[in-house]
Every structure is written in structure tokens, then in C-alpha cells.
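**Student:** Structure provided below as C-alpha cells; questions to follow.
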Number of protein chains: 2
Amino acid sequence: MSRSNTVFIGRKPVLNYVLACMTLFKSGQEEVLVKARGRSISTAVDVVEVIRNRFMPDLKVGDITIGTEKLTSSDRPGPTNVSTIEIKLTH
Amino acid sequence: MSRSNTVFIGRKPVLNYVLACMTLFKSGQEEVLVKARGRSISTAVDVVEVIRNRFMPDLKVGDITIGTEKLTSSDRPGPTNVSTIEIKLTH
């Protein structure tokens, strides 16, 4: 599976991820996938909205899918469920 | 505009909103709209995932739309942009 067109959202400032997506588009990608889980889901939506409103008005937001991943953590016994989001962007 | 089938997500525990959605479905609604903005967006995804995984395996997640709203706050000059999400659920 190629992940060269995927941007994973974490705890850095929104503009870092905006720049990462823009760089992928400028490098010739026609489709960029923004992925996040847990509390970073809201940041993922912020990233997409900032790109669309400030930098690329012609950006198209395609399928948005949500899901659940099971994580195992050393802090808790058993798996923890964490929500995920994937937002497909095309240019 | 009727909002009787809409659940707005705020800062309460996830299960409060899960219960609100389930109550709407039990009262005969076939479609429930989950709306959130800002940091509550991740909670909205959690709510949908909990309903689907724990209570209603036959729940269908329909269109997910994201957007931006302008808010005016007394703390800051000028409008603030806040991201929004709407998740359509059908049963």
C-alpha cells in the first residue's frame, strides 16, 4: 500500500499539516488523504478547512469515512477503542 | 427548519449524546443528524462509533460534511473561524 499521498495528523500546529498537504499537491499528487485518530480528528477538519478557505479555493473534499481502531496501551489492560477519520482531497 | 432530529455535540460525556441519538431513533426518527464544531468534532465521531459498535450494528453512516462557521467572541477582535461537522445517520 502506497502511503506517499497520506498526511497523518498529530499534535503539531495546524499549519504544519496544511503545508504538508500543499507540498504533496505541488509535487504532482492529484489526491491527498488526511488521516487522524482520537483528539486529532478536529485538527484534521481544521487542516482541510484552512486549505480550502485560505490557499486552494478549488480544492474538492471527497469521501469522508470514520471508523474505530483497537489500540493496546501499557497504561490500561485490554484494547482501547479509538475513533478515526479519513478525508480524501482532490485538486 | 426542523431540528427535532438533530443532536448537537458539546462537552458532556459521550454516552449522553449516544443516549440522545438512540432516543430519537426509538421515537420513530429514521434519520438523525449529529452536529458539532471545534474540539467537539472528535466527540461527534466517538458518539457515532459507539452507537454503531455497541448498540446499533445496523446503523448506516450517510453523508459526512465539513465546513467553517464564523463566530464573534468578546475575547477577540473580529470573527473567529471554527470548523464544523455534520454526520447523517440512518437506521
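Residue numbering restarts at 1 in every chain; chains get A, B, ... in the order shown in the C-alpha cells, and ligands count up from 1 in that same order.
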Define the interface residues of chain A facing chain B as those within 8 Å, counting only C-alpha atoms, and report them as a list in words.
**Tutor:**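 Applying the cut-off to the listed atoms yields Gly38, Arg39, Ser40, Ile41, Ser42, Val45, Asp46, Glu49, Ile64, Thr65, Ile66, Gly67, Thr68, Val82, Ser83 and Thr84 of chain A.
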**Student:** Would you mind exporting the chosen residues as a PDB file, in the first residue's frame, restricted to C-alpha atoms?
**Tutor:**
ATOM      1  CA  GLY A  38      -8.759  10.436  18.631  1.00  0.00           C
ATOM      2  CA  ARG A  39      -8.497  14.094  19.633  1.00  0.00           C
ATOM      3  CA  SER A  40      -6.629  14.898  16.401  1.00  0.00           C
ATOM      4  CA  ILE A  41      -9.821  14.383  14.391  1.00  0.00           C
ATOM      5  CA  SER A  42     -10.857  18.008  14.966  1.00  0.00           C
ATOM      6  CA  VAL A  45     -11.039  19.037   9.843  1.00  0.00           C
ATOM      7  CA  ASP A  46      -9.285  22.336  10.663  1.00  0.00           C
ATOM      8  CA  GLU A  49     -10.891  23.896   6.066  1.00  0.00           C
ATOM      9  CA  ILE A  64     -15.053  11.262   4.433  1.00  0.00           C
ATOM     10  CA  THR A  65     -15.003   7.974   6.300  1.00  0.00           C
ATOM     11  CA  ILE A  66     -14.984   7.330  10.020  1.00  0.00           C
ATOM     12  CA  GLY A  67     -14.103   4.168  11.885  1.00  0.00           C
ATOM     13  CA  THR A  68     -12.691   2.616  15.022  1.00  0.00           C
ATOM     14  CA  VAL A  82     -10.094   4.980  19.258  1.00  0.00           C
ATOM     15  CA  SER A  83     -12.110   6.739  16.559  1.00  0.00           C
ATOM     16  CA  THR A  84     -10.522   7.510  13.208  1.00  0.00           C
TER      17      THR A  84
END
**Student:** Could you fit chain A onto chain B by least squares over every C-alpha atom, paired in order, and give me the moved chain as an mmCIF file with N, CA and C atoms, in the first residue's frame?
**Tutor:**
data_model
loop_
_atom_site.group_PDB
_atom_site.id
_atom_site.type_symbol
_atom_site.label_atom_id
_atom_site.label_comp_id
_atom_site.auth_asym_id
_atom_site.auth_seq_id
_atom_site.Cartn_x
_atom_site.Cartn_y
_atom_site.Cartn_z
ATOM 1 N N MET A 1 -37.000 25.436 9.494
ATOM 2 C CA MET A 1 -36.147 24.228 9.485
ATOM 3 C C MET A 1 -36.400 23.427 10.754
ATOM 4 N N SER A 2 -36.746 22.178 10.563
ATOM 5 C CA SER A 2 -36.975 21.335 11.737
ATOM 6 C C SER A 2 -35.637 20.832 12.275
ATOM 7 N N ARG A 3 -35.440 20.969 13.558
ATOM 8 C CA ARG A 3 -34.207 20.452 14.144
ATOM 9 C C ARG A 3 -34.508 19.339 15.120
ATOM 10 N N SER A 4 -35.712 18.794 15.022
ATOM 11 C CA SER A 4 -36.092 17.797 16.009
ATOM 12 C C SER A 4 -35.334 16.491 15.835
ATOM 13 N N ASN A 5 -34.633 16.356 14.709
ATOM 14 C CA ASN A 5 -33.857 15.124 14.554
ATOM 15 C C ASN A 5 -32.354 15.398 14.626
ATOM 16 N N THR A 6 -31.976 16.530 15.234
ATOM 17 C CA THR A 6 -30.565 16.898 15.290
ATOM 18 C C THR A 6 -30.034 16.810 16.714
ATOM 19 N N VAL A 7 -28.848 16.240 16.862
ATOM 20 C CA VAL A 7 -28.186 16.207 18.163
ATOM 21 C C VAL A 7 -26.918 17.050 18.055
ATOM 22 N N PHE A 8 -26.842 18.111 18.861
ATOM 23 C CA PHE A 8 -25.649 18.958 18.884
ATOM 24 C C PHE A 8 -24.685 18.443 19.945
ATOM 25 N N ILE A 9 -23.450 18.212 19.536
ATOM 26 C CA ILE A 9 -22.462 17.656 20.457
ATOM 27 C C ILE A 9 -21.729 18.786 21.184
ATOM 28 N N GLY A 10 -21.650 18.677 22.502
ATOM 29 C CA GLY A 10 -20.924 19.666 23.302
ATOM 30 C C GLY A 10 -19.898 18.989 24.189
ATOM 31 N N ARG A 11 -19.793 19.444 25.435
ATOM 32 C CA ARG A 11 -18.734 18.929 26.294
ATOM 33 C C ARG A 11 -19.167 17.879 27.308
ATOM 34 N N LYS A 12 -20.377 17.383 27.161
ATOM 35 C CA LYS A 12 -20.823 16.333 28.097
ATOM 36 C C LYS A 12 -20.178 14.997 27.728
ATOM 37 N N PRO A 13 -20.332 13.993 28.582
ATOM 38 C CA PRO A 13 -19.750 12.683 28.249
ATOM 39 C C PRO A 13 -20.401 12.086 27.001
ATOM 40 N N VAL A 14 -19.614 11.306 26.275
ATOM 41 C CA VAL A 14 -20.051 10.697 25.013
ATOM 42 C C VAL A 14 -21.394 9.972 25.163
ATOM 43 N N LEU A 15 -21.548 9.243 26.268
ATOM 44 C CA LEU A 15 -22.762 8.424 26.401
ATOM 45 C C LEU A 15 -24.038 9.247 26.504
ATOM 46 N N ASN A 16 -23.940 10.492 26.977
ATOM 47 C CA ASN A 16 -25.133 11.354 26.986
ATOM 48 C C ASN A 16 -25.662 11.542 25.567
ATOM 49 N N TYR A 17 -24.740 11.780 24.623
ATOM 50 C CA TYR A 17 -25.153 12.023 23.239
ATOM 51 C C TYR A 17 -25.569 10.732 22.557
ATOM 52 N N VAL A 18 -24.931 9.629 22.944
ATOM 53 C CA VAL A 18 -25.329 8.321 22.414
ATOM 54 C C VAL A 18 -26.791 8.079 22.773
ATOM 55 N N LEU A 19 -27.117 8.340 24.035
ATOM 56 C CA LEU A 19 -28.488 8.156 24.519
ATOM 57 C C LEU A 19 -29.454 9.079 23.776
ATOM 58 N N ALA A 20 -29.049 10.321 23.549
ATOM 59 C CA ALA A 20 -29.909 11.281 22.844
ATOM 60 C C ALA A 20 -30.230 10.767 21.437
ATOM 61 N N CYS A 21 -29.230 10.247 20.737
ATOM 62 C CA CYS A 21 -29.453 9.737 19.373
ATOM 63 C C CYS A 21 -30.358 8.515 19.404
ATOM 64 N N MET A 22 -30.076 7.605 20.332
ATOM 65 C CA MET A 22 -30.870 6.374 20.428
ATOM 66 C C MET A 22 -32.329 6.710 20.731
ATOM 67 N N THR A 23 -32.541 7.708 21.587
ATOM 68 C CA THR A 23 -33.901 8.115 21.939
ATOM 69 C C THR A 23 -34.638 8.626 20.711
ATOM 70 N N LEU A 24 -33.955 9.408 19.873
ATOM 71 C CA LEU A 24 -34.575 9.900 18.636
ATOM 72 C C LEU A 24 -34.963 8.738 17.723
ATOM 73 N N PHE A 25 -34.058 7.753 17.581
ATOM 74 C CA PHE A 25 -34.384 6.598 16.733
ATOM 75 C C PHE A 25 -35.572 5.833 17.311
ATOM 76 N N LYS A 26 -35.561 5.623 18.628
ATOM 77 C CA LYS A 26 -36.645 4.853 19.255
ATOM 78 C C LYS A 26 -37.979 5.593 19.131
ATOM 79 N N SER A 27 -37.919 6.937 19.056
ATOM 80 C CA SER A 27 -39.157 7.712 18.954
ATOM 81 C C SER A 27 -39.692 7.729 17.523
ATOM 82 N N GLY A 28 -39.014 7.026 16.622
ATOM 83 C CA GLY A 28 -39.548 6.877 15.276
ATOM 84 C C GLY A 28 -38.780 7.618 14.184
ATOM 85 N N GLN A 29 -37.775 8.415 14.549
ATOM 86 C CA GLN A 29 -36.974 9.091 13.522
ATOM 87 C C GLN A 29 -36.218 8.046 12.706
ATOM 88 N N GLU A 30 -36.176 8.245 11.400
ATOM 89 C CA GLU A 30 -35.386 7.321 10.582
ATOM 90 C C GLU A 30 -34.023 7.887 10.274
ATOM 91 N N GLU A 31 -33.914 9.200 10.494
ATOM 92 C CA GLU A 31 -32.646 9.857 10.188
ATOM 93 C C GLU A 31 -32.290 10.785 11.348
ATOM 94 N N VAL A 32 -31.065 10.689 11.824
ATOM 95 C CA VAL A 32 -30.603 11.574 12.903
ATOM 96 C C VAL A 32 -29.341 12.266 12.412
ATOM 97 N N LEU A 33 -29.277 13.578 12.693
ATOM 98 C CA LEU A 33 -28.140 14.378 12.254
ATOM 99 C C LEU A 33 -27.307 14.731 13.489
ATOM 100 N N VAL A 34 -26.039 14.373 13.467
ATOM 101 C CA VAL A 34 -25.134 14.691 14.576
ATOM 102 C C VAL A 34 -24.281 15.872 14.138
ATOM 103 N N LYS A 35 -24.350 16.971 14.892
ATOM 104 C CA LYS A 35 -23.594 18.171 14.518
ATOM 105 C C LYS A 35 -22.636 18.571 15.630
ATOM 106 N N ALA A 36 -21.464 19.065 15.236
ATOM 107 C CA ALA A 36 -20.499 19.526 16.235
ATOM 108 C C ALA A 36 -19.613 20.578 15.612
ATOM 109 N N ARG A 37 -18.967 21.354 16.476
ATOM 110 C CA ARG A 37 -17.945 22.265 15.952
ATOM 111 C C ARG A 37 -16.752 22.326 16.877
ATOM 112 N N GLY A 38 -15.626 22.770 16.313
ATOM 113 C CA GLY A 38 -14.398 22.908 17.100
ATOM 114 C C GLY A 38 -13.933 21.595 17.698
ATOM 115 N N ARG A 39 -13.482 21.664 18.949
ATOM 116 C CA ARG A 39 -12.919 20.469 19.615
ATOM 117 C C ARG A 39 -13.938 19.348 19.777
ATOM 118 N N SER A 40 -15.231 19.673 19.683
ATOM 119 C CA SER A 40 -16.256 18.632 19.872
ATOM 120 C C SER A 40 -16.396 17.717 18.662
ATOM 121 N N ILE A 41 -15.705 18.057 17.567
ATOM 122 C CA ILE A 41 -15.795 17.234 16.361
ATOM 123 C C ILE A 41 -15.342 15.799 16.652
ATOM 124 N N SER A 42 -14.262 15.648 17.419
ATOM 125 C CA SER A 42 -13.800 14.280 17.718
ATOM 126 C C SER A 42 -14.833 13.538 18.559
ATOM 127 N N THR A 43 -15.497 14.253 19.469
ATOM 128 C CA THR A 43 -16.547 13.611 20.276
ATOM 129 C C THR A 43 -17.694 13.137 19.385
ATOM 130 N N ALA A 44 -18.035 13.932 18.368
ATOM 131 C CA ALA A 44 -19.117 13.541 17.454
ATOM 132 C C ALA A 44 -18.792 12.205 16.791
ATOM 133 N N VAL A 45 -17.538 12.043 16.351
ATOM 134 C CA VAL A 45 -17.136 10.782 15.725
ATOM 135 C C VAL A 45 -17.186 9.651 16.754
ATOM 136 N N ASP A 46 -16.749 9.927 17.990
ATOM 137 C CA ASP A 46 -16.835 8.921 19.053
ATOM 138 C C ASP A 46 -18.282 8.473 19.258
ATOM 139 N N VAL A 47 -19.201 9.430 19.297
ATOM 140 C CA VAL A 47 -20.621 9.128 19.535
ATOM 141 C C VAL A 47 -21.127 8.161 18.464
ATOM 142 N N VAL A 48 -20.854 8.497 17.199
ATOM 143 C CA VAL A 48 -21.324 7.653 16.097
ATOM 144 C C VAL A 48 -20.705 6.258 16.182
ATOM 145 N N GLU A 49 -19.417 6.194 16.486
ATOM 146 C CA GLU A 49 -18.743 4.896 16.541
ATOM 147 C C GLU A 49 -19.250 4.046 17.704
ATOM 148 N N VAL A 50 -19.545 4.667 18.834
ATOM 149 C CA VAL A 50 -20.070 3.918 19.982
ATOM 150 C C VAL A 50 -21.458 3.364 19.651
ATOM 151 N N ILE A 51 -22.301 4.196 19.020
ATOM 152 C CA ILE A 51 -23.644 3.712 18.660
ATOM 153 C C ILE A 51 -23.519 2.516 17.723
ATOM 154 N N ARG A 52 -22.667 2.657 16.716
ATOM 155 C CA ARG A 52 -22.546 1.605 15.712
ATOM 156 C C ARG A 52 -21.936 0.322 16.281
ATOM 157 N N ASN A 53 -20.915 0.472 17.123
ATOM 158 C CA ASN A 53 -20.229 -0.728 17.607
ATOM 159 C C ASN A 53 -20.931 -1.400 18.776
ATOM 160 N N ARG A 54 -21.589 -0.592 19.625
ATOM 161 C CA ARG A 54 -22.124 -1.198 20.836
ATOM 162 C C ARG A 54 -23.623 -1.412 20.825
ATOM 163 N N PHE A 55 -24.359 -0.502 20.149
ATOM 164 C CA PHE A 55 -25.804 -0.543 20.323
ATOM 165 C C PHE A 55 -26.600 -0.847 19.061
ATOM 166 N N MET A 56 -26.175 -0.311 17.922
ATOM 167 C CA MET A 56 -26.967 -0.502 16.707
ATOM 168 C C MET A 56 -26.073 -0.908 15.544
ATOM 169 N N PRO A 57 -25.735 -2.200 15.464
ATOM 170 C CA PRO A 57 -24.809 -2.649 14.415
ATOM 171 C C PRO A 57 -25.338 -2.379 13.012
ATOM 172 N N ASP A 58 -26.656 -2.195 12.895
ATOM 173 C CA ASP A 58 -27.236 -1.969 11.571
ATOM 174 C C ASP A 58 -27.305 -0.482 11.213
ATOM 175 N N LEU A 59 -26.735 0.367 12.040
ATOM 176 C CA LEU A 59 -26.745 1.806 11.773
ATOM 177 C C LEU A 59 -25.973 2.114 10.496
ATOM 178 N N LYS A 60 -26.536 3.002 9.670
ATOM 179 C CA LYS A 60 -25.816 3.406 8.459
ATOM 180 C C LYS A 60 -25.322 4.837 8.606
ATOM 181 N N VAL A 61 -24.039 5.020 8.340
ATOM 182 C CA VAL A 61 -23.486 6.362 8.375
ATOM 183 C C VAL A 61 -23.572 6.920 6.967
ATOM 184 N N GLY A 62 -24.362 7.969 6.788
ATOM 185 C CA GLY A 62 -24.543 8.552 5.461
ATOM 186 C C GLY A 62 -23.524 9.646 5.202
ATOM 187 N N ASP A 63 -23.975 10.703 4.565
ATOM 188 C CA ASP A 63 -23.068 11.784 4.208
ATOM 189 C C ASP A 63 -22.431 12.417 5.442
ATOM 190 N N ILE A 64 -21.146 12.669 5.318
ATOM 191 C CA ILE A 64 -20.441 13.432 6.350
ATOM 192 C C ILE A 64 -19.980 14.711 5.686
ATOM 193 N N THR A 65 -20.394 15.858 6.204
ATOM 194 C CA THR A 65 -19.949 17.102 5.586
ATOM 195 C C THR A 65 -19.210 17.950 6.607
ATOM 196 N N ILE A 66 -18.178 18.637 6.121
ATOM 197 C CA ILE A 66 -17.428 19.529 7.003
ATOM 198 C C ILE A 66 -17.534 20.949 6.463
ATOM 199 N N GLY A 67 -17.335 21.914 7.325
ATOM 200 C CA GLY A 67 -17.439 23.303 6.905
ATOM 201 C C GLY A 67 -16.827 24.229 7.927
ATOM 202 N N THR A 68 -17.020 25.513 7.713
ATOM 203 C CA THR A 68 -16.463 26.530 8.600
ATOM 204 C C THR A 68 -17.576 27.497 8.979
ATOM 205 N N GLU A 69 -17.620 27.880 10.251
ATOM 206 C CA GLU A 69 -18.551 28.918 10.695
ATOM 207 C C GLU A 69 -17.738 30.073 11.251
ATOM 208 N N LYS A 70 -18.254 31.274 11.026
ATOM 209 C CA LYS A 70 -17.600 32.448 11.624
ATOM 210 C C LYS A 70 -18.299 32.769 12.940
ATOM 211 N N LEU A 71 -17.531 32.850 13.998
ATOM 212 C CA LEU A 71 -18.093 33.202 15.302
ATOM 213 C C LEU A 71 -17.511 34.534 15.738
ATOM 214 N N THR A 72 -18.304 35.342 16.427
ATOM 215 C CA THR A 72 -17.721 36.535 17.030
ATOM 216 C C THR A 72 -17.664 36.303 18.527
ATOM 217 N N SER A 73 -16.522 36.611 19.088
ATOM 218 C CA SER A 73 -16.315 36.381 20.515
ATOM 219 C C SER A 73 -15.916 37.701 21.158
ATOM 220 N N SER A 74 -16.270 37.865 22.407
ATOM 221 C CA SER A 74 -15.924 39.118 23.092
ATOM 222 C C SER A 74 -14.438 39.142 23.457
ATOM 223 N N ASP A 75 -13.789 37.966 23.421
ATOM 224 C CA ASP A 75 -12.371 37.895 23.802
ATOM 225 C C ASP A 75 -11.440 38.422 22.714
ATOM 226 N N ARG A 76 -11.877 38.282 21.463
ATOM 227 C CA ARG A 76 -10.981 38.603 20.356
ATOM 228 C C ARG A 76 -11.659 39.615 19.444
ATOM 229 N N PRO A 77 -10.865 40.474 18.821
ATOM 230 C CA PRO A 77 -11.467 41.371 17.838
ATOM 231 C C PRO A 77 -11.705 40.578 16.551
ATOM 232 N N GLY A 78 -12.765 40.906 15.843
ATOM 233 C CA GLY A 78 -13.038 40.256 14.556
ATOM 234 C C GLY A 78 -13.586 38.851 14.720
ATOM 235 N N PRO A 79 -14.046 38.260 13.601
ATOM 236 C CA PRO A 79 -14.635 36.928 13.676
ATOM 237 C C PRO A 79 -13.563 35.842 13.785
ATOM 238 N N THR A 80 -13.920 34.745 14.412
ATOM 239 C CA THR A 80 -13.048 33.579 14.535
ATOM 240 C C THR A 80 -13.648 32.482 13.672
ATOM 241 N N ASN A 81 -12.812 31.774 12.948
ATOM 242 C CA ASN A 81 -13.317 30.653 12.166
ATOM 243 C C ASN A 81 -13.331 29.400 13.011
ATOM 244 N N VAL A 82 -14.408 28.659 12.935
ATOM 245 C CA VAL A 82 -14.464 27.387 13.655
ATOM 246 C C VAL A 82 -14.952 26.310 12.677
ATOM 247 N N SER A 83 -14.304 25.152 12.730
ATOM 248 C CA SER A 83 -14.682 24.061 11.829
ATOM 249 C C SER A 83 -15.932 23.362 12.349
ATOM 250 N N THR A 84 -16.715 22.818 11.420
ATOM 251 C CA THR A 84 -17.934 22.120 11.813
ATOM 252 C C THR A 84 -17.998 20.765 11.109
ATOM 253 N N ILE A 85 -18.792 19.882 11.678
ATOM 254 C CA ILE A 85 -19.043 18.587 11.024
ATOM 255 C C ILE A 85 -20.516 18.241 11.178
ATOM 256 N N GLU A 86 -21.062 17.581 10.176
ATOM 257 C CA GLU A 86 -22.424 17.048 10.236
ATOM 258 C C GLU A 86 -22.368 15.609 9.769
ATOM 259 N N ILE A 87 -22.884 14.720 10.579
ATOM 260 C CA ILE A 87 -22.883 13.291 10.228
ATOM 261 C C ILE A 87 -24.324 12.818 10.198
ATOM 262 N N LYS A 88 -24.727 12.276 9.051
ATOM 263 C CA LYS A 88 -26.105 11.820 8.891
ATOM 264 C C LYS A 88 -26.172 10.323 9.192
ATOM 265 N N LEU A 89 -27.067 9.962 10.098
ATOM 266 C CA LEU A 89 -27.212 8.561 10.474
ATOM 267 C C LEU A 89 -28.583 8.068 10.053
ATOM 268 N N THR A 90 -28.637 6.881 9.460
ATOM 269 C CA THR A 90 -29.941 6.300 9.158
ATOM 270 C C THR A 90 -29.991 4.889 9.685
ATOM 271 N N HIS A 91 -31.204 4.458 9.921
ATOM 272 C CA HIS A 91 -31.464 3.287 10.734
ATOM 273 C C HIS A 91 -32.332 2.331 9.943
#
**Student:** From the DSSP assignment of the backbone, select every residue of chain B that is strand (DSSP E or B), and format the answer as an NGL selection string.
**Tutor:** :B and (6-8 or 31-37 or 60-72 or 79-90)
**Student:** Write out as a ChimeraX atom specification all residues of chain A that DSSP puts in alpha helix (DSSP H) for this structure's backbone.
**Tutor:** /A:14-26,40-50
